[in-house]
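Everything on this sheet refers to the single structure shown next.
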Amino acid sequence: MNDQHYLTSEGAVRLKAELEQLKGPGREEMAKRLRAAIQMGDLSENADYHKAKEDQGFLEGRIMELEYLLQHATIVAEIGNGDREIVEVGARVTVIEEGYPPETYFLVGAQEADPRNGKISNESPIGRALLGHRIGDQVAAETPNGIISLTITGLE
């Protein structure tokens, strides 16, 4: 795994909004749940209290994770109009595998990966294989289903 974290500006905005929601309304709701569970009495056998404490731990962990990511992430530029010469995070790459129609991938950091919507991580097998290459290059990606050969036909 890579210690470098990449985010698009859109991804950074989305994570900041999630962080604000968790730190504000999320914490307020958690405090209400805890107060309600405490009012039920005996905490040692109070399942609602134990569940609320567990959920609070997850909430606080996610807040810490988001704060770390936003403080340490590299925001990648999204350059359009074919201005890119090499594949890097933030690029839209069109590839063709022999016998299949062309596919376009948006290369993003792991936090934003969404393969079903064409967003692949720079840490994924295909993403790693594409990094640093140019239009016309043929790359081999070692996937769980075996090695596939892709030709880069477009880059923006």
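Simple scheme: letters A, B, ... for chains in structure tokens order, numbers from 1 for residues in each chain, numbers from 1 for ligands in the order shown.
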
Surrounding residues of range 116-127 of chain A excluding itself and chain neighbours under 6 positions, 7 Å, only C-alpha atoms, as a PyMOL selection string
chain A and resi 1+89+104-110+141-143

Emit the selected residues as a PDB file, in the first residue's frame, including N, CA and C atoms.
ATOM      1  N   MET A   1       0.828  -1.190   0.000  1.00  0.00           N
ATOM      2  CA  MET A   1       0.000   0.000   0.000  1.00  0.00           C
ATOM      3  C   MET A   1       0.864   1.241   0.000  1.00  0.00           C
ATOM      4  N   VAL A  89      -2.442  10.311 -11.336  1.00  0.00           N
ATOM      5  CA  VAL A  89      -3.696  10.413 -10.599  1.00  0.00           C
ATOM      6  C   VAL A  89      -4.397  11.695 -11.037  1.00  0.00           C
ATOM      7  N   THR A 104     -13.026   3.801 -20.456  1.00  0.00           N
ATOM      8  CA  THR A 104     -12.372   4.989 -19.919  1.00  0.00           C
ATOM      9  C   THR A 104     -12.437   4.932 -18.406  1.00  0.00           C
ATOM     10  N   TYR A 105     -11.279   5.119 -17.788  1.00  0.00           N
ATOM     11  CA  TYR A 105     -11.172   5.109 -16.329  1.00  0.00           C
ATOM     12  C   TYR A 105     -10.707   6.477 -15.857  1.00  0.00           C
ATOM     13  N   PHE A 106     -11.237   6.890 -14.725  1.00  0.00           N
ATOM     14  CA  PHE A 106     -10.778   8.094 -14.046  1.00  0.00           C
ATOM     15  C   PHE A 106      -9.899   7.598 -12.915  1.00  0.00           C
ATOM     16  N   LEU A 107      -8.611   7.914 -12.956  1.00  0.00           N
ATOM     17  CA  LEU A 107      -7.647   7.428 -11.977  1.00  0.00           C
ATOM     18  C   LEU A 107      -7.686   8.343 -10.751  1.00  0.00           C
ATOM     19  N   VAL A 108      -8.094   7.777  -9.605  1.00  0.00           N
ATOM     20  CA  VAL A 108      -8.263   8.546  -8.372  1.00  0.00           C
ATOM     21  C   VAL A 108      -7.525   7.862  -7.233  1.00  0.00           C
ATOM     22  N   GLY A 109      -7.481   8.523  -6.090  1.00  0.00           N
ATOM     23  CA  GLY A 109      -6.908   7.915  -4.896  1.00  0.00           C
ATOM     24  C   GLY A 109      -7.849   6.853  -4.346  1.00  0.00           C
ATOM     25  N   ALA A 110      -7.347   6.031  -3.444  1.00  0.00           N
ATOM     26  CA  ALA A 110      -8.112   4.901  -2.918  1.00  0.00           C
ATOM     27  C   ALA A 110      -9.410   5.322  -2.238  1.00  0.00           C
ATOM     28  N   ALA A 141      -1.402  -5.683 -16.669  1.00  0.00           N
ATOM     29  CA  ALA A 141      -1.899  -5.548 -15.301  1.00  0.00           C
ATOM     30  C   ALA A 141      -2.182  -6.931 -14.742  1.00  0.00           C
ATOM     31  N   GLU A 142      -1.600  -7.205 -13.572  1.00  0.00           N
ATOM     32  CA  GLU A 142      -1.823  -8.493 -12.928  1.00  0.00           C
ATOM     33  C   GLU A 142      -3.061  -8.378 -12.037  1.00  0.00           C
ATOM     34  N   THR A 143      -4.181  -8.913 -12.533  1.00  0.00           N
ATOM     35  CA  THR A 143      -5.450  -8.841 -11.822  1.00  0.00           C
ATOM     36  C   THR A 143      -5.736 -10.186 -11.148  1.00  0.00           C
TER      37      THR A 143
END

Residues near Gly154 in chain A, cut-off 12 Å, only C-alpha atoms, skip fewer than 5 positions along chain, as a PyMOL selection string
chain A and resi 80-87+91-96+102-106+130+133-137

Could those selected residues go to a file with N, CA and C atoms, as a compact mmCIF listing (two decimals), in the first residue's frame?
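Dumped to result-v5.txt:
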# COMPACT_ATOMS: atom_id res chain seq x y z
N GLY A 80 -8.15 19.04 -18.29
CA GLY A 80 -8.96 18.55 -19.41
C GLY A 80 -8.31 18.86 -20.75
N ASN A 81 -9.03 18.65 -21.81
CA ASN A 81 -8.63 18.98 -23.18
C ASN A 81 -7.36 18.27 -23.64
N GLY A 82 -7.09 17.08 -23.15
CA GLY A 82 -5.94 16.32 -23.63
C GLY A 82 -4.60 16.94 -23.30
N ASP A 83 -4.50 17.71 -22.22
CA ASP A 83 -3.26 18.39 -21.86
C ASP A 83 -2.26 17.48 -21.17
N ARG A 84 -2.61 16.28 -20.85
CA ARG A 84 -1.70 15.36 -20.15
C ARG A 84 -0.85 14.60 -21.16
N GLU A 85 0.37 14.32 -20.73
CA GLU A 85 1.26 13.52 -21.57
C GLU A 85 1.48 12.13 -20.98
N ILE A 86 1.41 12.03 -19.67
CA ILE A 86 1.58 10.73 -19.02
C ILE A 86 0.42 10.47 -18.07
N VAL A 87 0.15 9.22 -17.80
CA VAL A 87 -0.92 8.84 -16.89
C VAL A 87 -0.48 9.13 -15.46
N ALA A 91 -6.11 11.69 -13.97
CA ALA A 91 -6.26 11.56 -15.42
C ALA A 91 -7.44 10.66 -15.77
N ARG A 92 -8.01 10.94 -16.91
CA ARG A 92 -9.00 10.05 -17.51
C ARG A 92 -8.26 9.31 -18.62
N VAL A 93 -8.26 7.99 -18.51
CA VAL A 93 -7.47 7.15 -19.42
C VAL A 93 -8.41 6.22 -20.17
N THR A 94 -8.31 6.23 -21.49
CA THR A 94 -9.07 5.29 -22.30
C THR A 94 -8.13 4.17 -22.71
N VAL A 95 -8.57 2.94 -22.46
CA VAL A 95 -7.76 1.76 -22.77
C VAL A 95 -8.59 0.77 -23.57
N ILE A 96 -7.88 -0.08 -24.26
CA ILE A 96 -8.55 -1.14 -24.99
C ILE A 96 -7.83 -2.45 -24.71
N PRO A 102 -13.48 -0.27 -25.99
CA PRO A 102 -12.66 0.64 -25.18
C PRO A 102 -13.38 0.99 -23.87
N GLU A 103 -12.58 1.21 -22.84
CA GLU A 103 -13.11 1.64 -21.55
C GLU A 103 -12.33 2.86 -21.10
N THR A 104 -13.03 3.80 -20.46
CA THR A 104 -12.37 4.99 -19.92
C THR A 104 -12.44 4.93 -18.41
N TYR A 105 -11.28 5.12 -17.79
CA TYR A 105 -11.17 5.11 -16.33
C TYR A 105 -10.71 6.48 -15.86
N PHE A 106 -11.24 6.89 -14.72
CA PHE A 106 -10.78 8.09 -14.05
C PHE A 106 -9.90 7.60 -12.91
N LEU A 130 -1.06 1.43 -15.21
CA LEU A 130 -1.20 2.57 -16.13
C LEU A 130 -0.30 3.75 -15.76
N HIS A 133 2.63 5.91 -17.91
CA HIS A 133 2.66 5.55 -19.33
C HIS A 133 1.98 6.62 -20.19
N ARG A 134 2.13 6.46 -21.50
CA ARG A 134 1.62 7.43 -22.47
C ARG A 134 0.66 6.77 -23.46
N ILE A 135 -0.01 7.61 -24.24
CA ILE A 135 -0.88 7.10 -25.31
C ILE A 135 -0.04 6.23 -26.24
N GLY A 136 -0.59 5.08 -26.58
CA GLY A 136 0.09 4.13 -27.46
C GLY A 136 0.84 3.05 -26.71
N ASP A 137 1.13 3.28 -25.43
CA ASP A 137 1.83 2.27 -24.64
C ASP A 137 0.91 1.08 -24.37

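In this model, the gap between CA of Leu59 in chain A and CA of Ala47 in chain A comes to 18.1 Å.
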
Can you pull out every residue within 12 Å of Tyr68 in chain A, counting only C-alpha atoms, but drop anything in the same chain fewer than 5 positions away, and send it as an mmCIF file with C-alpha atoms, in the first residue's frame?
data_model
loop_
_atom_site.group_PDB
_atom_site.id
_atom_site.type_symbol
_atom_site.label_atom_id
_atom_site.label_comp_id
_atom_site.auth_asym_id
_atom_site.auth_seq_id
_atom_site.Cartn_x
_atom_site.Cartn_y
_atom_site.Cartn_z
ATOM 1 C CA ASP A 3 1.363 6.108 2.194
ATOM 2 C CA GLN A 4 0.561 8.917 -0.228
ATOM 3 C CA HIS A 5 -3.144 9.848 -0.240
ATOM 4 C CA LEU A 15 -14.988 14.305 2.703
ATOM 5 C CA LYS A 16 -15.073 17.765 4.339
ATOM 6 C CA LEU A 19 -16.526 15.399 8.504
ATOM 7 C CA GLY A 61 -12.581 6.758 14.562
ATOM 8 C CA ARG A 62 -14.091 7.951 11.290
ATOM 9 C CA ILE A 63 -13.679 11.585 12.372
ATOM 10 C CA ALA A 73 -3.869 14.358 1.158
ATOM 11 C CA THR A 74 -2.453 15.648 -2.081
#

What is the CA of Ala37 in chain A-CA of Tyr49 in chain A distance in Å, reported with one decimal?
4.8 Å

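For the set A:Gly90, A:Gly132, A:Gly99, A:Gly146, the residue with the smallest atom-to-atom gap to Tyr6 in chain A is A:Gly90, counting only C-alpha atoms.
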
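Nearest to Ala129 in chain A of all the residues A:Glu20, A:Glu67, A:Glu88, A:Glu98 is A:Glu88, based on only C-alpha atoms.
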
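Proximity ranking of A:Ala36, A:Leu70, A:Met64, A:Ile75 relative to Ser9 in chain A places A:Ile75 first, based on only C-alpha atoms.
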
If you run DSSP on the backbone, which residues of range 88-148 of chain A are helix (DSSP H, G or I), as a PyMOL selection string?
chain A and resi 110-112+115-117+125-130

Suppose we keep C-alpha atoms; can you now write the selection as a short mmCIF file (atom, residue, chain, number, x, y, z; two decimals), in the first residue's frame?
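out_36.cif, freshly written:
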data_model
loop_
_atom_site.label_atom_id
_atom_site.label_comp_id
_atom_site.auth_asym_id
_atom_site.auth_seq_id
_atom_site.Cartn_x
_atom_site.Cartn_y
_atom_site.Cartn_z
CA ALA A 110 -8.11 4.90 -2.92
CA GLN A 111 -10.66 6.93 -0.90
CA GLU A 112 -12.57 7.87 -4.06
CA PRO A 115 -15.00 0.91 -10.17
CA ARG A 116 -18.65 0.55 -11.14
CA ASN A 117 -18.63 4.22 -12.10
CA PRO A 125 -3.69 -3.49 -10.32
CA ILE A 126 -4.88 -1.65 -13.43
CA GLY A 127 -4.21 1.78 -11.90
CA ARG A 128 -0.65 0.82 -10.90
CA ALA A 129 0.00 -0.60 -14.37
CA LEU A 130 -1.20 2.57 -16.13
#

I need the strand (DSSP E or B) residues of chain A per DSSP on the backbone, written as a VMD selection string.
chain A and resid 6 to 8 74 to 76 92 to 97 103 to 108 114 119 to 121 138 to 143 146 to 155

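Note that the spacing between CA of Pro144 in chain A and CA of Glu65 in chain A amounts to 28.5 Å.
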